[in-house]
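Here is the file structure28.cif (mmCIF, C-alpha atoms and all ligand atoms).
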data_coords
#
loop_
_atom_site.label_atom_id
_atom_site.label_comp_id
_atom_site.auth_asym_id
_atom_site.auth_seq_id
_atom_site.Cartn_x
_atom_site.Cartn_y
_atom_site.Cartn_z
CA MET A 20 51.35 14.83 -61.43
CA VAL A 21 52.42 15.69 -57.88
CA ARG A 22 49.80 17.21 -55.65
CA TYR A 23 50.54 19.28 -52.59
CA TYR A 24 48.49 19.58 -49.44
CA CYS A 25 48.66 21.24 -46.05
CA PRO A 26 48.71 18.66 -43.22
CA PHE A 27 47.11 21.07 -40.73
CA CYS A 28 44.16 22.59 -42.58
CA ASN A 29 40.88 21.14 -43.78
CA PRO A 30 41.36 19.84 -47.35
CA LYS A 31 38.06 21.46 -48.39
CA TYR A 32 39.28 24.99 -47.76
CA GLN A 33 42.89 24.74 -48.84
CA PHE A 34 44.40 26.96 -51.49
CA GLN A 35 47.99 27.25 -52.54
CA THR A 36 49.96 30.43 -52.60
CA GLN A 37 53.57 31.04 -53.44
CA SER A 38 55.85 32.57 -50.84
CA SER A 39 58.39 35.27 -51.58
CA LYS A 40 61.08 32.58 -51.73
CA GLY A 41 59.15 30.78 -54.45
CA ASN A 42 58.03 27.64 -52.65
CA LEU A 43 54.40 26.70 -52.23
CA ILE A 44 52.74 27.50 -48.91
CA CYS A 45 49.25 27.06 -47.51
CA GLY A 46 46.98 30.04 -48.10
CA LEU A 47 45.31 29.68 -44.71
CA CYS A 48 48.07 29.04 -42.20
CA GLY A 49 51.22 29.80 -44.19
CA GLU A 50 52.75 26.39 -43.54
CA ASP A 51 54.88 24.67 -46.18
CA LEU A 52 52.88 22.27 -48.33
CA VAL A 53 53.65 18.55 -48.28
CA LYS A 54 53.83 16.40 -51.41
CA LYS A 55 50.94 14.01 -51.69
CA PRO A 56 52.13 10.55 -52.81
CA PHE A 57 50.17 8.92 -55.62
CA ILE A 58 49.46 5.70 -53.69
CA ARG A 59 49.63 5.73 -49.93
CA TRP A 60 50.56 2.67 -47.87
CA ASN A 61 47.47 2.83 -45.70
CA GLN A 62 45.34 2.76 -48.86
CA ILE A 63 47.02 -0.50 -49.93
CA ILE A 64 46.61 -2.00 -46.45
CA ALA A 65 42.95 -0.98 -46.37
CA LEU A 66 42.42 -2.51 -49.81
CA VAL A 67 43.99 -5.81 -48.72
CA ALA A 68 41.94 -5.87 -45.51
CA ALA A 69 38.69 -5.12 -47.34
CA SER A 70 39.38 -7.71 -50.04
CA SER A 71 40.22 -10.37 -47.43
CA LEU A 72 36.74 -9.87 -46.00
CA LEU A 73 34.87 -9.47 -49.27
CA LEU A 74 36.53 -12.04 -51.55
CA PRO A 75 35.43 -15.15 -49.57
CA LEU A 76 31.91 -13.73 -49.47
CA ILE A 77 31.86 -13.19 -53.24
CA TYR A 78 33.40 -16.63 -53.73
CA THR A 79 30.67 -18.35 -51.70
CA PHE A 80 27.96 -16.41 -53.51
CA ILE A 81 29.35 -17.47 -56.89
CA PHE A 82 29.35 -21.11 -55.74
CA LEU A 83 25.81 -20.80 -54.35
CA ILE A 84 24.50 -19.42 -57.64
CA LYS A 85 26.47 -21.99 -59.65
CA ASN A 86 25.02 -24.85 -57.57
CA GLN A 87 21.50 -23.45 -57.97
CA ILE A 88 21.85 -23.48 -61.75
CA ASN A 89 23.67 -26.84 -62.01
CA PRO A 90 22.91 -28.88 -58.88
CA PRO A 91 25.77 -31.28 -58.14
CA ASN A 92 25.19 -34.98 -58.73
CA LYS A 93 24.12 -36.41 -55.39
CA ASN A 94 24.70 -40.01 -56.39
CA TYR A 95 27.66 -40.87 -54.21
CA GLN A 96 27.69 -44.54 -55.16
CA ALA A 97 30.40 -45.54 -57.53
CA ASN A 98 29.44 -45.66 -61.15
CA ASN A 99 28.34 -49.20 -62.10
CA SER A 100 30.38 -49.43 -65.31
CA ILE A 101 33.55 -48.33 -63.50
CA MET A 102 32.92 -50.95 -60.80
CA LYS A 103 32.63 -53.64 -63.50
CA ILE A 104 35.96 -52.64 -65.02
CA ILE A 105 37.60 -52.74 -61.59
CA LYS A 106 36.13 -56.18 -60.83
CA GLU A 107 37.31 -57.55 -64.18
CA LYS A 108 40.84 -56.42 -63.46
CA ILE A 109 40.79 -58.12 -60.05
ZN ZN A 201 47.36 25.14 -43.82
#
What is this structure when it is put down as structure tokens?
Amino acid sequence: MVRYYCPFCNPKYQFQTQSSKGNLICGLCGEDLVKKPFIRWNQIIALVAASSLLLPLIYTFIFLIKNQINPPNKNYQANNSIMKIIKEKI
């Protein structure tokens, strides 16, 4: 579906009319209508910019909630059984 719009008029008050030649013109100013692309480049750029700000925030929140539910093991000393195995090998 290709949509047309007038680049000069307010999009709220636009209506299409057909000229005598058969092409679509703006009902307010009589200018030729421009095809509206389905996805615009500035939309993609805005999406990337917004996600680059929001994704790290969401990521940290997920980790915060995950650590609240399952607190990480704070025992930083090496596991005793592993140390024994290492000592036996040496
Ligand atoms: Zn117009």
Test item: residues lying within 12 Å of ligand ZN 201 (chain A) with all atoms listed in the file, as an mmCIF file with C-alpha atoms, keeping the file's coordinate frame:
data_model
loop_
_atom_site.group_PDB
_atom_site.id
_atom_site.type_symbol
_atom_site.label_atom_id
_atom_site.label_comp_id
_atom_site.auth_asym_id
_atom_site.auth_seq_id
_atom_site.Cartn_x
_atom_site.Cartn_y
_atom_site.Cartn_z
ATOM 1 C CA TYR A 23 50.540 19.280 -52.590
ATOM 2 C CA TYR A 24 48.490 19.580 -49.440
ATOM 3 C CA CYS A 25 48.660 21.240 -46.050
ATOM 4 C CA PRO A 26 48.710 18.660 -43.220
ATOM 5 C CA PHE A 27 47.110 21.070 -40.730
ATOM 6 C CA CYS A 28 44.160 22.590 -42.580
ATOM 7 C CA ASN A 29 40.880 21.140 -43.780
ATOM 8 C CA PRO A 30 41.360 19.840 -47.350
ATOM 9 C CA LYS A 31 38.060 21.460 -48.390
ATOM 10 C CA TYR A 32 39.280 24.990 -47.760
ATOM 11 C CA GLN A 33 42.890 24.740 -48.840
ATOM 12 C CA PHE A 34 44.400 26.960 -51.490
ATOM 13 C CA GLN A 35 47.990 27.250 -52.540
ATOM 14 C CA THR A 36 49.960 30.430 -52.600
ATOM 15 C CA LEU A 43 54.400 26.700 -52.230
ATOM 16 C CA ILE A 44 52.740 27.500 -48.910
ATOM 17 C CA CYS A 45 49.250 27.060 -47.510
ATOM 18 C CA GLY A 46 46.980 30.040 -48.100
ATOM 19 C CA LEU A 47 45.310 29.680 -44.710
ATOM 20 C CA CYS A 48 48.070 29.040 -42.200
ATOM 21 C CA GLY A 49 51.220 29.800 -44.190
ATOM 22 C CA GLU A 50 52.750 26.390 -43.540
ATOM 23 C CA ASP A 51 54.880 24.670 -46.180
ATOM 24 C CA LEU A 52 52.880 22.270 -48.330
ATOM 25 C CA VAL A 53 53.650 18.550 -48.280
#
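Picture a line from atom CA of A:Arg22 to atom CA of A:Asn42; it runs 13.6 Å.
Atom CA of A:Ile58 to atom CA of A:Val21 spans 11.2 Å [interatomic distance, one decimal].
The spacing separating atom CA of A:Pro91 from atom CA of A:Thr79 amounts to 15.3 Å.
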